[in-house]
$ cat input_8.cif   # mmCIF, C-alpha atoms
data_input
loop_
_atom_site.label_atom_id
_atom_site.label_comp_id
_atom_site.auth_asym_id
_atom_site.auth_seq_id
_atom_site.Cartn_x
_atom_site.Cartn_y
_atom_site.Cartn_z
CA LYS D 1 263.37 105.13 -54.27
CA ALA D 2 266.75 103.61 -53.48
CA GLY D 3 268.58 104.94 -50.45
CA VAL D 4 272.11 106.19 -50.12
CA THR D 5 274.60 103.56 -51.17
CA GLN D 6 278.22 103.35 -50.13
CA THR D 7 280.93 101.13 -51.53
CA PRO D 8 282.77 99.21 -50.41
CA ARG D 9 281.10 98.27 -47.13
CA TYR D 10 284.32 96.97 -45.59
CA LEU D 11 287.93 97.74 -46.31
CA ILE D 12 291.24 96.72 -44.79
CA LYS D 13 294.35 98.73 -45.54
CA THR D 14 297.83 99.09 -44.07
CA ARG D 15 299.51 102.21 -42.76
CA GLY D 16 300.82 104.50 -45.45
CA GLN D 17 298.39 103.35 -48.13
CA GLN D 18 295.63 105.48 -49.55
CA VAL D 19 291.95 104.68 -49.91
CA THR D 20 288.97 105.93 -51.89
CA LEU D 21 285.40 105.54 -50.67
CA SER D 22 282.36 106.06 -52.84
CA CYS D 23 278.88 107.39 -52.12
CA SER D 24 275.83 107.47 -54.38
CA PRO D 25 273.12 109.79 -53.05
CA ILE D 26 269.39 109.30 -53.27
CA SER D 27 268.17 110.09 -56.78
CA GLY D 28 267.53 113.81 -57.08
CA HIS D 29 269.64 114.76 -54.07
CA ARG D 30 272.39 117.20 -54.87
CA SER D 31 274.14 117.66 -51.52
CA VAL D 32 276.47 115.05 -50.03
CA SER D 33 278.12 115.20 -46.62
CA TRP D 34 280.69 112.88 -45.09
CA TYR D 35 281.13 111.99 -41.43
CA GLN D 36 283.67 109.91 -39.54
CA GLN D 37 282.49 107.77 -36.64
CA THR D 38 284.93 106.37 -34.08
CA PRO D 39 284.43 105.06 -30.54
CA GLY D 40 286.68 107.77 -29.13
CA GLN D 41 285.62 110.86 -31.07
CA GLY D 42 282.06 109.94 -31.98
CA LEU D 43 280.52 111.37 -35.13
CA GLN D 44 282.53 114.16 -36.72
CA PHE D 45 281.80 116.15 -39.85
CA LEU D 46 284.35 115.82 -42.62
CA PHE D 47 283.02 117.88 -45.53
CA GLU D 48 279.99 118.75 -47.63
CA TYR D 49 279.68 118.96 -51.38
CA PHE D 50 277.00 120.64 -53.47
CA SER D 51 277.07 121.15 -57.22
CA GLU D 52 280.57 119.68 -57.40
CA THR D 53 281.91 122.31 -54.96
CA GLN D 54 283.07 121.82 -51.41
CA ARG D 55 280.81 124.00 -49.26
CA ASN D 56 282.00 123.16 -45.77
CA LYS D 57 284.98 121.40 -44.27
CA GLY D 58 285.49 119.96 -40.82
CA ASN D 59 288.62 119.99 -38.75
CA PHE D 60 290.55 117.19 -40.43
CA PRO D 61 294.05 117.18 -41.90
CA GLY D 62 294.66 117.67 -45.59
CA ARG D 63 295.10 113.91 -46.02
CA PHE D 64 291.32 113.79 -46.15
CA SER D 65 289.87 115.05 -49.39
CA GLY D 66 286.80 114.57 -51.47
CA ARG D 67 285.06 115.45 -54.65
CA GLN D 68 281.63 115.37 -56.22
CA PHE D 69 280.77 114.49 -59.78
CA SER D 70 278.16 116.02 -62.06
CA ASN D 71 275.74 113.18 -61.25
CA SER D 72 276.07 114.09 -57.53
CA ARG D 73 278.01 110.93 -56.69
CA SER D 74 280.83 111.65 -54.28
CA GLU D 75 284.14 110.12 -53.35
CA MET D 76 286.38 110.73 -50.42
CA ASN D 77 290.06 109.93 -50.34
CA VAL D 78 292.40 109.42 -47.43
CA SER D 79 296.09 109.41 -48.22
CA THR D 80 298.97 108.11 -46.08
CA LEU D 81 296.67 106.15 -43.83
CA GLU D 82 297.28 106.12 -40.08
CA LEU D 83 296.01 103.64 -37.50
CA GLY D 84 293.73 106.35 -36.13
CA ASP D 85 291.90 106.57 -39.45
CA SER D 86 290.18 103.28 -38.65
CA ALA D 87 286.53 104.25 -38.47
CA LEU D 88 283.08 103.98 -39.95
CA TYR D 89 282.75 106.57 -42.71
CA LEU D 90 279.18 107.69 -43.27
CA CYS D 91 277.83 109.52 -46.24
CA ALA D 92 274.59 111.52 -46.07
CA SER D 93 272.63 113.07 -48.89
CA SER D 94 270.01 115.81 -48.95
CA LEU D 95 268.01 117.58 -51.62
CA GLU D 96 269.84 120.88 -51.42
CA GLU D 97 272.49 122.47 -49.25
CA GLY D 98 271.34 124.13 -46.09
CA LEU D 99 268.41 122.85 -44.11
CA ASN D 100 267.26 119.65 -45.62
CA THR D 101 266.90 116.33 -43.91
CA GLN D 102 270.08 114.31 -44.30
CA TYR D 103 269.66 110.65 -45.17
CA PHE D 104 272.55 108.40 -44.25
CA GLY D 105 274.02 105.43 -46.01
CA PRO D 106 275.14 102.23 -44.25
CA GLY D 107 278.75 103.39 -44.09
CA THR D 108 282.12 102.00 -45.06
CA ARG D 109 284.05 100.30 -42.26
CA LEU D 110 287.75 101.08 -42.77
CA THR D 111 290.34 99.16 -40.78
CA VAL D 112 293.96 100.30 -40.94
CA LEU D 113 296.54 97.74 -39.84
CA ALA G 1 280.09 126.89 -32.18
CA GLN G 2 277.48 124.35 -31.24
CA SER G 3 277.80 121.45 -28.84
CA VAL G 4 275.53 118.62 -27.80
CA THR G 5 275.62 116.66 -24.55
CA GLN G 6 273.78 113.41 -24.14
CA LEU G 7 273.57 112.95 -20.42
CA ASP G 8 273.46 109.15 -20.32
CA SER G 9 275.85 106.94 -22.24
CA GLN G 10 273.84 103.79 -21.47
CA VAL G 11 270.19 103.32 -20.58
CA PRO G 12 268.96 99.81 -19.73
CA VAL G 13 265.19 99.34 -19.45
CA PHE G 14 262.72 96.49 -19.41
CA GLU G 15 260.37 95.81 -22.27
CA GLU G 16 257.12 97.84 -22.17
CA ALA G 17 258.63 100.36 -19.72
CA PRO G 18 258.78 104.06 -20.58
CA VAL G 19 262.12 105.61 -21.48
CA GLU G 20 263.63 109.09 -21.72
CA LEU G 21 266.94 109.81 -23.39
CA ARG G 22 268.29 113.20 -22.41
CA CYS G 23 269.94 115.75 -24.67
CA ASN G 24 271.17 119.25 -23.89
CA TYR G 25 272.68 121.59 -26.44
CA SER G 26 274.64 124.81 -26.50
CA SER G 27 274.65 127.31 -29.33
CA SER G 28 275.09 131.04 -29.81
CA VAL G 29 272.85 130.98 -32.89
CA SER G 30 269.49 129.46 -33.76
CA VAL G 31 269.58 125.74 -34.41
CA TYR G 32 267.44 122.91 -35.59
CA LEU G 33 267.38 119.71 -33.54
CA PHE G 34 267.36 116.06 -34.57
CA TRP G 35 267.34 112.57 -33.13
CA TYR G 36 268.85 109.73 -35.14
CA VAL G 37 268.97 106.00 -34.36
CA GLN G 38 271.72 103.60 -35.35
CA TYR G 39 271.17 99.85 -35.32
CA PRO G 40 274.22 97.55 -35.29
CA ASN G 41 276.22 97.63 -38.52
CA GLN G 42 273.92 100.21 -40.06
CA GLY G 43 273.91 103.90 -40.84
CA LEU G 44 271.82 106.55 -39.09
CA GLN G 45 268.07 106.73 -39.45
CA LEU G 46 266.18 109.93 -38.71
CA LEU G 47 263.68 109.53 -35.87
CA LEU G 48 262.38 113.08 -35.65
CA LYS G 49 263.32 116.72 -36.04
CA TYR G 50 262.40 120.07 -34.56
CA LEU G 51 262.50 123.03 -36.91
CA SER G 52 259.93 125.43 -35.46
CA GLY G 53 256.39 125.57 -34.18
CA SER G 54 255.02 123.12 -31.65
CA THR G 55 257.65 122.14 -29.11
CA LEU G 56 256.37 118.56 -28.97
CA VAL G 57 257.56 116.62 -31.99
CA LYS G 58 256.37 113.16 -32.94
CA GLY G 59 258.55 110.80 -34.90
CA ILE G 60 258.66 107.28 -36.19
CA ASN G 61 258.33 104.10 -34.13
CA GLY G 62 256.30 105.84 -31.41
CA PHE G 63 259.06 108.22 -30.31
CA GLU G 64 258.50 111.85 -29.44
CA ALA G 65 260.69 114.69 -28.21
CA GLU G 66 260.09 118.00 -26.51
CA PHE G 67 262.08 121.12 -27.28
CA ASN G 68 262.68 123.33 -24.26
CA LYS G 69 264.36 126.55 -25.26
CA SER G 70 264.87 127.90 -21.74
CA GLN G 71 266.61 124.71 -20.65
CA THR G 72 268.24 124.15 -24.05
CA SER G 73 267.08 120.57 -24.01
CA PHE G 74 265.57 118.16 -26.50
CA HIS G 75 264.77 114.95 -24.63
CA LEU G 76 263.54 111.87 -26.47
CA ARG G 77 260.74 109.77 -24.99
CA LYS G 78 258.78 106.63 -25.69
CA PRO G 79 255.94 105.47 -23.43
CA SER G 80 256.51 101.75 -23.98
CA VAL G 81 259.66 100.27 -25.50
CA HIS G 82 260.16 97.05 -27.40
CA ILE G 83 263.13 94.74 -27.69
CA SER G 84 263.56 96.02 -31.24
CA ASP G 85 264.26 99.54 -29.92
CA THR G 86 267.66 98.36 -28.71
CA ALA G 87 270.08 100.62 -30.58
CA GLU G 88 272.27 103.68 -30.20
CA TYR G 89 270.54 107.05 -30.29
CA PHE G 90 272.16 110.30 -31.33
CA CYS G 91 270.99 113.83 -30.71
CA ALA G 92 272.21 116.41 -33.23
CA VAL G 93 271.96 120.14 -33.92
CA GLN G 94 272.24 122.05 -37.15
CA LYS G 95 272.67 125.79 -37.55
CA THR G 96 269.68 127.32 -39.29
CA SER G 97 272.13 128.80 -41.78
CA GLY G 98 274.07 125.64 -42.57
CA SER G 99 274.05 121.93 -43.26
CA ARG G 100 276.65 120.52 -40.88
CA LEU G 101 275.25 118.31 -38.15
CA THR G 102 276.92 118.37 -34.73
CA PHE G 103 276.24 115.16 -32.85
CA GLY G 104 276.20 114.16 -29.22
CA GLU G 105 278.20 111.20 -27.97
CA GLY G 106 275.28 108.82 -28.28
CA THR G 107 273.13 106.86 -25.82
CA GLN G 108 273.00 103.09 -26.00
CA LEU G 109 269.46 101.98 -25.24
CA THR G 110 269.19 98.33 -24.25
CA VAL G 111 265.73 96.86 -23.83
CA ASN G 112 265.65 93.69 -21.77
CA PRO G 113 262.84 91.12 -21.72
#

$ encode --input "input_8.cif" --output "structure tokens"
Amino acid sequence: KAGVTQTPRYLIKTRGQQVTLSCSPISGHRSVSWYQQTPGQGLQFLFEYFSETQRNKGNFPGRFSGRQFSNSRSEMNVSTLELGDSALYLCASSLEEGLNTQYFGPGTRLTVL
Amino acid sequence: AQSVTQLDSQVPVFEEAPVELRCNYSSSVSVYLFWYVQYPNQGLQLLLKYLSGSTLVKGINGFEAEFNKSQTSFHLRKPSVHISDTAEYFCAVQKTSGSRLTFGEGTQLTVNP
């Protein structure tokens, strides 16, 4: 079974632009979570989607948003990019919401110049 | 709220030596505990998890961890490490009622020949 896939793997943007990252969960998984990883803040939870609904949200500004489609694929969007948004964005999928092992994708490395 | 403290940011060891990576957690509610490993330029891979039952948990690649409720610890051990174990290791907790993972700061394990 294919793992979690994330596209693109690398992205370079400039301040003020917006970006959309994509995540395809493992087949049959219906829950998708997003995390931001930076050297200074470590791994931080962004949000979780299940059945096309946002179930949980971390402590990030409204510039960070996401959505989930009926096939469980998810996208996250960051508007008005700031230098501090440079990070590795990780997507994780699990069978259902709640306690289920989360399987992570390889991440998208976003660099904001 | 939950928090996780990984007591060592870097652990250098020689090949075939034993290793222990320390993790303490704090939570006002029941939690599940996880260890993930991250190799360079990759996502997170689950090593092992503690949900309930036996406090000694065995995972992949010869790793094991022991849950100690009284000391709120979940230390990761391996009796004999290999060069290929060089990676960053993350301890994480998850509320029994939710999906969000709260991660520690990570421990960089470097295995030297």

$ interface_residues --input "input_8.cif" --of "chain D" --to "chain G" --cutoff "8 Å" --atoms "only C-alpha atoms" --output "NGL selection string"
:D and (33 or 42-45 or 48 or 56 or 90 or 97-100 or 103-107)

$ residues_around --input "input_8.cif" --residues "G:Glu15" --least-positions-apart "5" --cutoff "12 Å" --atoms "only C-alpha atoms" --output "list in words"
Lys78, Pro79, Ser80, Val81, His82, Ile83, Ser84, Asp85, Thr86, Leu109, Thr110, Val111, Asn112 and Pro113 of chain G

$ resolve_selection --input "input_8.cif" --expression "the PyMOL selection byres ((chain D and resi 4) around 9)" --output "MDAnalysis selection string"
chainID D and resid 2:3 5:6 23:27 91:93 103:106

$ atom_distance --input "input_8.cif" --atom1 "atom CA of G:Ser3" --atom2 "atom CA of G:His75"
15.2 Å

$ resolve_selection --input "input_8.cif" --expression "the PyMOL selection byres ((chain D and resi 17) around 8)" --output "list in words"
Lys13, Thr14, Arg15, Gly16, Gln18, Val19, Ser79, Thr80 and Leu81 of chain D

$ closest_residue --input "input_8.cif" --among "D:Arg63, D:Arg30, D:Arg73, D:Lys1" --to "D:Phe50" --atoms "all atoms listed in the file"
D:Arg30

$ residues_around --input "input_8.cif" --residues "G:Tyr50" --least-positions-apart "3" --cutoff "12 Å" --atoms "all atoms listed in the file" --output "ChimeraX atom specification"
/D:99,101 /G:30-35,46-47,53-59,64-69,73-76,91-94,96

$ residues_around --input "input_8.cif" --residues "D:Leu11" --least-positions-apart "3" --cutoff "9 Å" --atoms "only C-alpha atoms" --output "number ranges by chain"
D: 8, 19, 108-112

$ resolve_selection --input "input_8.cif" --expression "the PyMOL selection byres ((chain D and resi 20) around 6)" --output "PyMOL selection string"
chain D and resi 19+21+76-77

$ axis_aligned_box --input "input_8.cif" --around "stretch 90-108 of chain G" --padding-each-side "3 Å" --output "AutoDock Vina command-line options"
--center_x 273.9 --center_y 115.9 --center_z -34.5 --size_x 14.5 --size_y 31.7 --size_z 23.4

$ atom_distance --input "input_8.cif" --atom1 "atom CA of D:Pro61" --atom2 "atom CA of D:Gln36"
12.9 Å

$ closest_residue --input "input_8.cif" --among "G:Thr5, G:Thr107, G:Glu20, G:Ala87" --to "G:Pro40" --atoms "all atoms listed in the file"
G:Ala87

$ atom_distance --input "input_8.cif" --atom1 "atom CA of G:Val13" --atom2 "atom CA of G:Glu88"
13.6 Å

$ decode --input "input_8.cif" --residues "stretch 44-65 of chain G" --atoms "N, CA and C atoms" --output "CSV table (one decimal), in the first residue's frame"
chain,number,residue,atom,x,y,z
G,44,LEU,N,8.4,11.4,9.5
G,44,LEU,CA,8.5,10.7,10.8
G,44,LEU,C,8.1,9.3,10.6
G,45,GLN,N,8.8,8.4,11.2
G,45,GLN,CA,8.4,7.0,11.2
G,45,GLN,C,8.1,6.5,12.6
G,46,LEU,N,7.0,5.8,12.8
G,46,LEU,CA,6.7,5.4,14.1
G,46,LEU,C,7.6,4.2,14.6
G,47,LEU,N,8.2,4.4,15.7
G,47,LEU,CA,9.1,3.3,16.3
G,47,LEU,C,8.2,2.4,17.2
G,48,LEU,N,7.5,3.0,18.1
G,48,LEU,CA,6.7,2.2,19.0
G,48,LEU,C,5.6,3.1,19.7
G,49,LYS,N,4.7,2.5,20.4
G,49,LYS,CA,3.6,3.2,21.0
G,49,LYS,C,3.2,2.5,22.3
G,50,TYR,N,2.8,3.3,23.3
G,50,TYR,CA,2.2,2.7,24.5
G,50,TYR,C,0.8,3.2,24.6
G,51,LEU,N,-0.1,2.2,24.6
G,51,LEU,CA,-1.5,2.6,24.8
G,51,LEU,C,-2.0,2.1,26.1
G,52,SER,N,-1.7,0.9,26.5
G,52,SER,CA,-2.2,0.4,27.8
G,52,SER,C,-1.5,-1.0,28.0
G,53,GLY,N,-1.7,-1.6,29.1
G,53,GLY,CA,-1.2,-2.9,29.3
G,53,GLY,C,0.3,-2.9,29.8
G,54,SER,N,1.1,-3.9,29.3
G,54,SER,CA,2.4,-4.0,29.7
G,54,SER,C,3.2,-2.7,29.6
G,55,THR,N,4.0,-2.4,30.6
G,55,THR,CA,4.7,-1.1,30.5
G,55,THR,C,5.9,-1.1,29.7
G,56,LEU,N,6.4,-2.3,29.3
G,56,LEU,CA,7.5,-2.5,28.4
G,56,LEU,C,7.0,-2.7,27.0
G,57,VAL,N,7.3,-1.8,26.1
G,57,VAL,CA,6.8,-1.8,24.7
G,57,VAL,C,8.0,-2.1,23.8
G,58,LYS,N,7.8,-3.0,22.9
G,58,LYS,CA,8.8,-3.3,21.9
G,58,LYS,C,8.4,-2.7,20.5
G,59,GLY,N,9.4,-2.2,19.9
G,59,GLY,CA,9.1,-1.6,18.6
G,59,GLY,C,10.0,-2.1,17.5
G,60,ILE,N,10.1,-1.4,16.4
G,60,ILE,CA,10.8,-1.8,15.3
G,60,ILE,C,12.3,-1.5,15.5
G,61,ASN,N,13.2,-2.2,14.7
G,61,ASN,CA,14.6,-2.0,14.7
G,61,ASN,C,15.3,-2.2,16.0
G,62,GLY,N,14.7,-3.1,16.8
G,62,GLY,CA,15.3,-3.5,18.1
G,62,GLY,C,15.1,-2.5,19.2
G,63,PHE,N,14.3,-1.5,19.0
G,63,PHE,CA,14.1,-0.5,20.1
G,63,PHE,C,13.0,-1.0,21.0
G,64,GLU,N,13.0,-0.5,22.3
G,64,GLU,CA,12.0,-0.7,23.3
G,64,GLU,C,11.9,0.5,24.2
G,65,ALA,N,10.8,0.6,24.8
G,65,ALA,CA,10.6,1.7,25.7
G,65,ALA,C,9.8,1.3,26.9
